[in-house]
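Listing of data10.txt, compact mmCIF, C-alpha atoms
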# COMPACT_ATOMS: atom_id res chain seq x y z
CA MET A 227 -81.33 121.52 -56.75
CA GLU A 228 -85.01 120.53 -56.58
CA ALA A 229 -84.25 117.30 -58.42
CA GLU A 230 -81.47 116.47 -55.94
CA MET A 231 -83.74 117.14 -52.97
CA ALA A 232 -86.48 115.01 -54.50
CA GLY A 233 -84.02 112.19 -55.13
CA ALA A 234 -82.79 112.37 -51.55
CA GLY A 235 -86.38 112.27 -50.31
CA ARG A 236 -87.16 109.16 -52.39
CA ALA A 237 -83.99 107.49 -51.13
CA ALA A 238 -84.90 108.29 -47.53
CA ALA A 239 -88.39 106.92 -47.97
CA ALA A 240 -86.95 103.72 -49.42
CA ALA A 241 -84.98 103.01 -46.24
CA PRO A 242 -87.42 103.44 -43.31
CA THR A 243 -85.64 100.89 -41.16
CA GLU A 244 -82.53 103.01 -40.50
CA ALA A 245 -82.27 105.97 -38.16
CA ALA A 246 -81.61 109.48 -39.47
CA THR A 247 -77.85 108.97 -39.50
CA GLY A 248 -78.24 105.85 -41.60
CA LEU A 249 -80.35 107.30 -44.40
CA PRO A 250 -78.77 106.90 -47.85
CA GLY A 251 -78.77 110.69 -48.30
CA THR A 252 -76.75 111.26 -45.15
CA PRO A 253 -73.10 112.22 -45.84
CA VAL A 254 -70.57 109.50 -45.05
CA LEU A 255 -68.77 111.85 -42.65
CA VAL A 256 -71.95 112.31 -40.60
CA ARG A 257 -72.40 108.55 -40.38
CA ALA A 258 -68.81 108.09 -39.24
CA LEU A 259 -69.19 110.79 -36.61
CA SER A 260 -72.38 109.14 -35.40
CA LEU A 261 -70.34 106.03 -34.64
CA LEU A 262 -67.81 108.01 -32.61
CA ALA A 263 -70.63 109.72 -30.72
CA GLN A 264 -71.75 106.41 -29.24
CA PHE A 265 -68.72 106.27 -26.95
CA THR A 266 -69.38 107.76 -23.52
CA GLU A 267 -67.82 107.57 -20.09
CA GLN A 268 -70.15 104.65 -19.34
CA ARG A 269 -69.62 103.01 -22.75
CA ARG A 270 -65.88 103.17 -23.44
CA ALA A 271 -65.68 99.88 -25.36
CA LEU A 272 -68.34 98.75 -27.88
CA ASN A 273 -68.55 95.88 -30.31
CA LEU A 274 -69.64 96.24 -33.91
CA SER A 275 -73.24 95.21 -33.35
CA GLU A 276 -73.61 97.73 -30.50
CA LEU A 277 -72.16 100.49 -32.65
CA SER A 278 -74.43 99.59 -35.54
CA ARG A 279 -77.57 99.45 -33.42
CA GLN A 280 -76.96 102.56 -31.33
CA ALA A 281 -75.92 104.69 -34.33
CA GLY A 282 -78.87 103.46 -36.40
CA LEU A 283 -76.66 102.16 -39.19
CA ALA A 284 -76.93 98.98 -41.22
CA PRO A 285 -74.34 96.39 -40.07
CA ALA A 286 -72.57 96.44 -43.43
CA THR A 287 -72.34 100.25 -43.35
CA ALA A 288 -71.09 100.24 -39.78
CA LEU A 289 -68.46 97.62 -40.59
CA ARG A 290 -67.14 99.61 -43.54
CA LEU A 291 -66.93 102.85 -41.56
CA VAL A 292 -65.39 101.19 -38.52
CA ARG A 293 -62.64 99.74 -40.71
CA HIS A 294 -61.84 103.17 -42.14
CA LEU A 295 -61.88 104.78 -38.68
CA THR A 296 -59.60 102.07 -37.31
CA GLU A 297 -57.14 102.41 -40.20
CA TRP A 298 -57.00 106.18 -39.64
CA GLY A 299 -56.53 105.80 -35.88
CA ALA A 300 -59.84 107.23 -34.64
CA LEU A 301 -60.73 103.79 -33.27
CA GLU A 302 -58.65 100.94 -31.88
CA ARG A 303 -59.70 97.27 -31.82
CA LEU A 304 -59.23 95.30 -28.62
CA GLU A 305 -58.33 91.61 -28.49
CA ASP A 306 -61.91 90.70 -27.60
CA GLY A 307 -63.20 92.39 -30.77
CA ARG A 308 -64.58 95.52 -29.13
CA TYR A 309 -63.57 99.02 -30.21
CA VAL A 310 -62.35 101.99 -28.18
CA VAL A 311 -61.54 105.58 -29.09
CA GLY A 312 -58.08 105.88 -30.63
CA VAL A 313 -55.21 108.08 -29.52
CA ARG A 314 -55.26 109.87 -32.90
CA LEU A 315 -58.45 111.67 -31.86
CA TRP A 316 -56.74 112.94 -28.70
CA GLU A 317 -53.85 114.24 -30.79
CA ILE A 318 -56.24 116.19 -33.02
CA ALA A 319 -58.33 117.48 -30.10
CA SER A 320 -55.22 118.75 -28.33
CA LEU A 321 -54.73 121.26 -31.17
CA SER A 322 -57.96 123.10 -30.33
CA PRO A 323 -57.07 126.72 -29.46
CA ARG A 324 -60.05 126.93 -27.09
CA GLY A 325 -58.81 123.84 -25.31
CA HIS A 326 -55.08 123.37 -25.46
CA GLY A 327 -54.29 127.05 -26.10
CA VAL A 328 -56.16 128.34 -23.05
CA ARG A 329 -54.99 125.40 -20.96
CA GLN A 330 -51.32 125.98 -21.80
CA ILE A 331 -51.48 129.61 -20.70
CA ALA A 332 -53.62 128.88 -17.64
CA LEU A 333 -51.65 125.90 -16.34
CA PRO A 334 -49.12 127.79 -14.16
CA TYR A 335 -51.97 129.63 -12.42
CA LEU A 336 -53.91 126.40 -11.97
CA GLU A 337 -50.84 124.91 -10.32
CA ASP A 338 -50.59 127.88 -7.95
CA LEU A 339 -54.25 127.48 -6.95
CA TYR A 340 -53.74 123.78 -6.45
CA GLU A 341 -50.82 124.42 -4.08
CA VAL A 342 -53.13 126.61 -1.98
CA THR A 343 -56.13 124.26 -1.82
CA ARG A 344 -54.73 120.75 -2.38
CA HIS A 345 -58.14 119.62 -3.64
CA HIS A 346 -59.55 120.34 -7.13
CA VAL A 347 -58.89 123.14 -9.60
CA LEU A 348 -61.04 123.04 -12.76
CA LEU A 349 -60.75 124.77 -16.12
CA ALA A 350 -63.72 124.62 -18.51
CA VAL A 351 -64.93 126.10 -21.80
CA ARG A 352 -68.42 126.20 -23.27
CA GLU A 353 -69.40 123.88 -26.09
CA GLY A 354 -73.00 124.39 -27.17
CA THR A 355 -75.28 123.97 -24.17
CA ASP A 356 -72.64 122.30 -21.98
CA ALA A 357 -69.38 123.15 -20.26
CA VAL A 358 -66.45 120.92 -21.25
CA LEU A 359 -63.74 120.30 -18.66
CA ILE A 360 -60.37 120.82 -20.37
CA ASP A 361 -58.16 120.44 -17.29
CA ARG A 362 -58.35 119.38 -13.65
CA LEU A 363 -55.64 119.32 -11.03
CA SER A 364 -56.46 117.14 -8.03
CA SER A 365 -54.65 115.61 -5.10
CA ARG A 366 -54.93 111.91 -4.30
CA THR A 367 -56.78 112.73 -1.09
CA ALA A 368 -59.14 115.30 -2.62
CA THR A 369 -62.86 115.04 -2.07
CA GLU A 370 -64.79 113.10 -4.72
CA VAL A 371 -66.21 114.95 -7.73
CA ALA A 372 -68.26 113.69 -10.66
CA TYR A 373 -66.45 115.26 -13.62
CA ARG A 374 -63.43 114.16 -15.65
CA VAL A 375 -61.21 115.93 -18.16
CA GLY A 376 -63.00 115.89 -21.50
CA GLY A 377 -66.35 115.35 -19.82
CA ARG A 378 -69.38 117.60 -20.14
CA MET A 379 -70.91 119.57 -17.29
CA PRO A 380 -74.32 121.27 -17.12
CA LEU A 381 -74.29 125.03 -17.49
CA GLY A 382 -77.08 125.84 -15.06
CA THR A 383 -76.02 123.88 -12.00
CA THR A 384 -72.21 123.99 -11.89
CA ALA A 385 -70.08 126.97 -10.90
CA VAL A 386 -68.03 127.01 -14.11
CA GLY A 387 -71.24 126.48 -16.08
CA GLN A 388 -73.01 129.40 -14.45
CA VAL A 389 -70.06 131.67 -15.19
CA LEU A 390 -70.03 130.65 -18.85
CA LEU A 391 -73.81 130.92 -19.14
CA ALA A 392 -73.93 134.30 -17.40
CA HIS A 393 -71.65 135.78 -20.07
CA ALA A 394 -73.15 133.99 -23.09
CA ALA A 395 -75.70 135.37 -25.53
CA PRO A 396 -79.24 135.65 -24.09
CA GLU A 397 -80.46 133.25 -26.77
CA LEU A 398 -78.53 130.42 -25.12
CA LEU A 399 -80.39 130.86 -21.85
CA GLN A 400 -83.69 130.83 -23.71
CA GLU A 401 -82.65 127.62 -25.45
CA LEU A 402 -81.76 125.96 -22.15
CA LEU A 403 -84.98 127.07 -20.48
CA SER A 404 -87.02 125.67 -23.36
CA GLN A 405 -85.51 122.22 -22.95
CA PRO A 406 -87.06 119.62 -20.64
CA ALA A 407 -85.20 119.54 -17.34
CA PRO A 408 -82.88 116.52 -17.11
CA PRO A 409 -83.03 114.40 -13.96
CA GLY A 410 -81.02 115.98 -11.17
CA VAL A 411 -78.16 114.41 -9.27
CA PRO A 412 -79.57 112.78 -6.11
CA GLY A 413 -78.75 114.79 -3.02
CA SER A 414 -77.62 117.86 -4.93
CA VAL A 415 -78.47 121.24 -3.48
CA SER A 416 -78.95 122.61 -6.97
CA ASP A 417 -80.30 119.81 -9.12
CA ALA A 418 -81.03 120.66 -12.74
CA GLY A 419 -84.75 120.43 -12.06
CA SER A 420 -84.64 122.66 -8.96
CA LEU A 421 -83.75 125.92 -10.72
CA PRO A 422 -86.88 127.52 -12.15
CA ALA A 423 -86.42 130.12 -14.86
CA ALA A 424 -86.82 133.11 -12.54
CA ARG A 425 -84.34 131.73 -10.03
CA LEU A 426 -81.77 130.86 -12.69
CA ARG A 427 -82.03 134.36 -14.16
CA GLY A 428 -81.45 135.79 -10.69
CA VAL A 429 -78.44 133.54 -10.11
CA LEU A 430 -76.88 134.56 -13.42
CA ALA A 431 -77.50 138.26 -12.74
CA ASN A 432 -75.70 137.88 -9.43
CA VAL A 433 -72.80 136.10 -11.15
CA ARG A 434 -72.42 138.98 -13.61
CA GLN A 435 -72.54 141.54 -10.79
CA SER A 436 -70.25 139.79 -8.32
CA GLY A 437 -67.88 138.25 -10.86
CA VAL A 438 -68.05 134.80 -9.29
CA ALA A 439 -70.38 131.81 -9.05
CA VAL A 440 -70.74 129.70 -5.91
CA VAL A 441 -72.40 126.26 -6.03
CA ARG A 442 -72.78 123.75 -3.21
CA ARG A 443 -73.43 120.05 -3.75
CA ASP A 444 -74.13 117.03 -1.59
CA HIS A 445 -73.37 114.38 -4.25
CA PRO A 446 -71.04 112.57 -4.78
CA SER A 447 -69.62 114.43 -1.75
CA ARG A 448 -70.37 117.65 0.12
CA THR A 449 -68.47 120.31 -1.79
CA VAL A 450 -68.45 124.01 -2.50
CA SER A 451 -67.24 125.30 -5.86
CA VAL A 452 -66.23 128.90 -6.57
CA ALA A 453 -65.70 129.94 -10.20
CA ALA A 454 -64.66 133.11 -12.04
CA PRO A 455 -64.54 134.07 -15.74
CA ILE A 456 -61.44 134.17 -17.92
CA HIS A 457 -61.52 136.86 -20.59
CA GLY A 458 -59.83 136.78 -23.99
CA ALA A 459 -58.09 139.64 -25.76
CA ALA A 460 -61.40 140.85 -27.22
CA GLY A 461 -63.01 141.00 -23.78
CA ASP A 462 -65.28 137.99 -24.26
CA VAL A 463 -65.38 135.18 -21.69
CA VAL A 464 -63.44 132.26 -23.17
CA ALA A 465 -63.25 129.95 -20.16
CA ALA A 466 -64.08 129.56 -16.48
CA LEU A 467 -61.83 128.65 -13.58
CA SER A 468 -62.99 127.11 -10.31
CA ILE A 469 -61.85 125.67 -7.00
CA VAL A 470 -63.74 122.72 -5.50
CA VAL A 471 -63.15 121.92 -1.82
CA PRO A 472 -65.05 120.12 0.96
CA ASP A 473 -67.94 122.34 2.01
CA ALA A 474 -67.03 122.29 5.69
CA GLN A 475 -63.34 122.99 5.19
CA THR A 476 -63.08 126.56 3.89
CA PRO A 477 -65.73 129.31 3.77
CA ALA A 478 -66.63 130.21 0.20
CA HIS A 479 -65.86 133.90 0.74
CA ASP A 480 -62.26 132.98 1.58
CA LEU A 481 -61.90 131.30 -1.82
CA VAL A 482 -63.36 134.15 -3.88
CA PRO A 483 -60.24 136.40 -3.89
CA LEU A 484 -58.02 133.45 -4.84
CA VAL A 485 -60.15 132.43 -7.82
CA ARG A 486 -60.74 135.96 -9.04
CA ALA A 487 -57.05 136.87 -8.84
CA ALA A 488 -56.02 133.74 -10.77
CA ALA A 489 -58.71 134.31 -13.43
CA ARG A 490 -57.62 137.95 -13.89
CA ALA A 491 -53.98 136.89 -14.23
CA ILE A 492 -54.85 134.31 -16.89
CA SER A 493 -56.97 136.90 -18.69
CA ARG A 494 -54.05 139.33 -18.80
CA SER A 495 -51.83 136.59 -20.19
CA LEU A 496 -54.42 136.06 -22.94
CA GLY A 497 -54.19 139.75 -23.86
CA HIS A 498 -57.20 141.06 -21.99
CA GLN A 499 -56.94 144.68 -20.86
CA ALA A 500 -59.06 144.91 -17.72
CA LYS A 501 -60.76 148.14 -16.73
CA ALA A 502 -59.10 150.24 -14.06
CA SER A 503 -59.92 148.84 -10.65
CA GLY A 504 -60.52 152.25 -9.08
CA ALA A 505 -57.98 151.51 -6.37
CA TRP A 506 -56.26 154.61 -4.99
CA ARG A 507 -52.55 154.58 -5.69
CA HIS A 508 -50.16 156.10 -3.18
CA PRO A 509 -47.98 158.90 -4.57
CA GLN A 510 -44.34 158.10 -4.96
CA LEU A 511 -42.38 159.06 -1.86
CA GLN A 512 -39.94 161.93 -2.39
CA GLU A 513 -36.56 161.64 -0.77
CA PRO A 514 -35.27 164.78 0.98
CA GLY A 515 -33.18 166.96 -1.29
CA HIS A 516 -34.46 165.39 -4.51
CA PRO A 517 -36.93 167.04 -6.89
CA PRO A 518 -40.15 165.22 -7.73
CA ALA A 519 -39.76 162.59 -10.44
What is this file in structure tokens?
Amino acid sequence: MEAEMAGAGRAAAAAPTEAATGLPGTPVLVRALSLLAQFTEQRRALNLSELSRQAGLAPATALRLVRHLTEWGALERLEDGRYVVGVRLWEIASLSPRGHGVRQIALPYLEDLYEVTRHHVLLAVREGTDAVLIDRLSSRTATEVAYRVGGRMPLGTTAVGQVLLAHAAPELLQELLSQPAPPGVPGSVSDAGSLPAARLRGVLANVRQSGVAVVRRDHPSRTVSVAAPIHGAAGDVVAALSIVVPDAQTPAHDLVPLVRAAARAISRSLGHQAKASGAWRHPQLQEPGHPPA
């Protein structure tokens, strides 16, 4: 083992011109994944030289890996020579139980919420230190929002993110607070940099107590988002559901019962046994001449 580590160290030192993903000791799979990671919403099509440079790989290495990825279907080559993400990746991703499984069960309830609001209904799960949007129902005339299906959303400053963060392990919050604050969205009421640690802790405590998160934003449009947790069979929070509407259209407190009821219904469909609500149940009415049931 020591000899292998020493050999890897010598190989790494012999190639100082490549980034970490391009070091000779780096597994081929990691290098291939580093190429796929270069595609973003802003960079949906990249040529070979861009992939090579941004992934920190030698051109020959990038070319070899791109060929394999294209043959497998993870990448597709356009007529102009640039590459885009292939449909094969979407097919594989759709098998994720945390994505497709939750979405399949939640979809009827999302559709019901959409019929009520006619704006946006979002469904998200947590992936590391981000929320990932796995479904969104929107009308053509809905107010503008910044997130797309498959896109990542910050945990601290979005309603679905706050719900997921409020029910995550405390270590995750510590990890987020230790990171430098990313630049906030201009005009946002709750930019990433405007939530100090004490305030964020207070927001999350309120989310846990009330069962919902409410976030208002001014960019890209004035919206209010109300989110609630979805519980799995084991009781853990597996996803978050939210409604996003124009801020001036509907008071947030009118949306809370809708979102909570839908989230509870999805949770029951996932096998979650909620605690008794404490609601008083009326005794069954006894018809005259009949003994009690």
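Straight-line separation from atom CA of A:Ala500 to atom CA of A:Gly458: 10.3 Å.
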Handout entry: Selected residue, from A:Pro483, A:Gly312, A:Gly382, A:Pro472, that lies nearest to A:Gly437 when counting all atoms listed in the file
Key = A:Pro483
Exercise for the section: Give the answer as one residue: which of A:Leu272, A:Leu283, A:Val471, A:Ala392 has the shortest atom-to-atom distance to A:Leu430, using all atoms listed in the file? Expected result: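 Under the stated criterion, the closest residue is A:Ala392.
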Practice task
Write out as a list in words which residues come within 12 Å of A:Leu484 when counting only C-alpha atoms, dropping same-chain ones fewer than 3 positions away.
Solution key: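 Here the qualifying residues turn out to be Tyr335, Leu336, Asp338, Leu339, Tyr340, Glu341, Val342, Thr343, Val347, Val438, Val452, Ala453, Ala454, Leu467, Ser468, Ile469, Ala478, His479, Asp480, Leu481, Ala487, Ala488, Ala489, Arg490 and Ala491 of chain A.
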Exercise for the section: Tell me which of A:Asn273, A:Thr383, A:Thr296, A:Ser436 sits closest to A:Pro422, counting all atoms listed in the file. Expected result: A:Thr383
Problem - Neighbours of point (-73.5, 96.8, -35.3) within 10 Å, using all atoms listed in the file, written as JSON, numbers by chain - result: {"A": [261, 272, 273, 274, 275, 276, 277, 278, 279, 280, 281, 282, 283, 284, 285, 286, 287, 288, 289, 292]}
Practice task
Show me as a ChimeraX atom specification the residues that reach within 12 Å of (-57.6, 99.3, -31.0), counting only C-alpha atoms and using the file's own coordinates.
Solution key: /A:270-273,292-293,295-314
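Candidate residues A:Gln268, A:Thr476, A:Ser451, A:Gln499 were compared for distance to A:Ala439, and the nearest is A:Ser451, using all atoms listed in the file.
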Handout entry: Straight-line distance linking atom CA of A:Val464 with atom CA of A:Tyr373, stated in Å to one decimal
Key =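 That distance, rounded to one decimal, is 19.7 Å.
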Exercise for the section: Could you please determine the separation between atom CA of A:His445 and atom CA of A:Val351 in Å, to one decimal place? Expected result: 22.7 Å
Exercise for the section: Find, counting all atoms listed in the file, the residue in A:Arg434, A:Met379, A:Ile360, A:Thr355 that gets nearest to A:Gln330. Expected result: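 Answer, going by the shortest atom-to-atom distance: A:Ile360.
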Handout entry: Among the residues A:Val441, A:Ala465, A:Ala459, A:Leu391, the one that comes closest to A:Leu348 [using only C-alpha atoms]
Key = A:Ala465
Around stretch 270-277 of chain A, fit a box with edges along x, y and z, padding it by 3 Å on each side, then list its centre and edge lengths in Å to one decimal as AutoDock Vina command-line options.
--center_x -69.6 --center_y 99.2 --center_z -28.7 --size_x 13.9 --size_y 14.0 --size_z 16.5
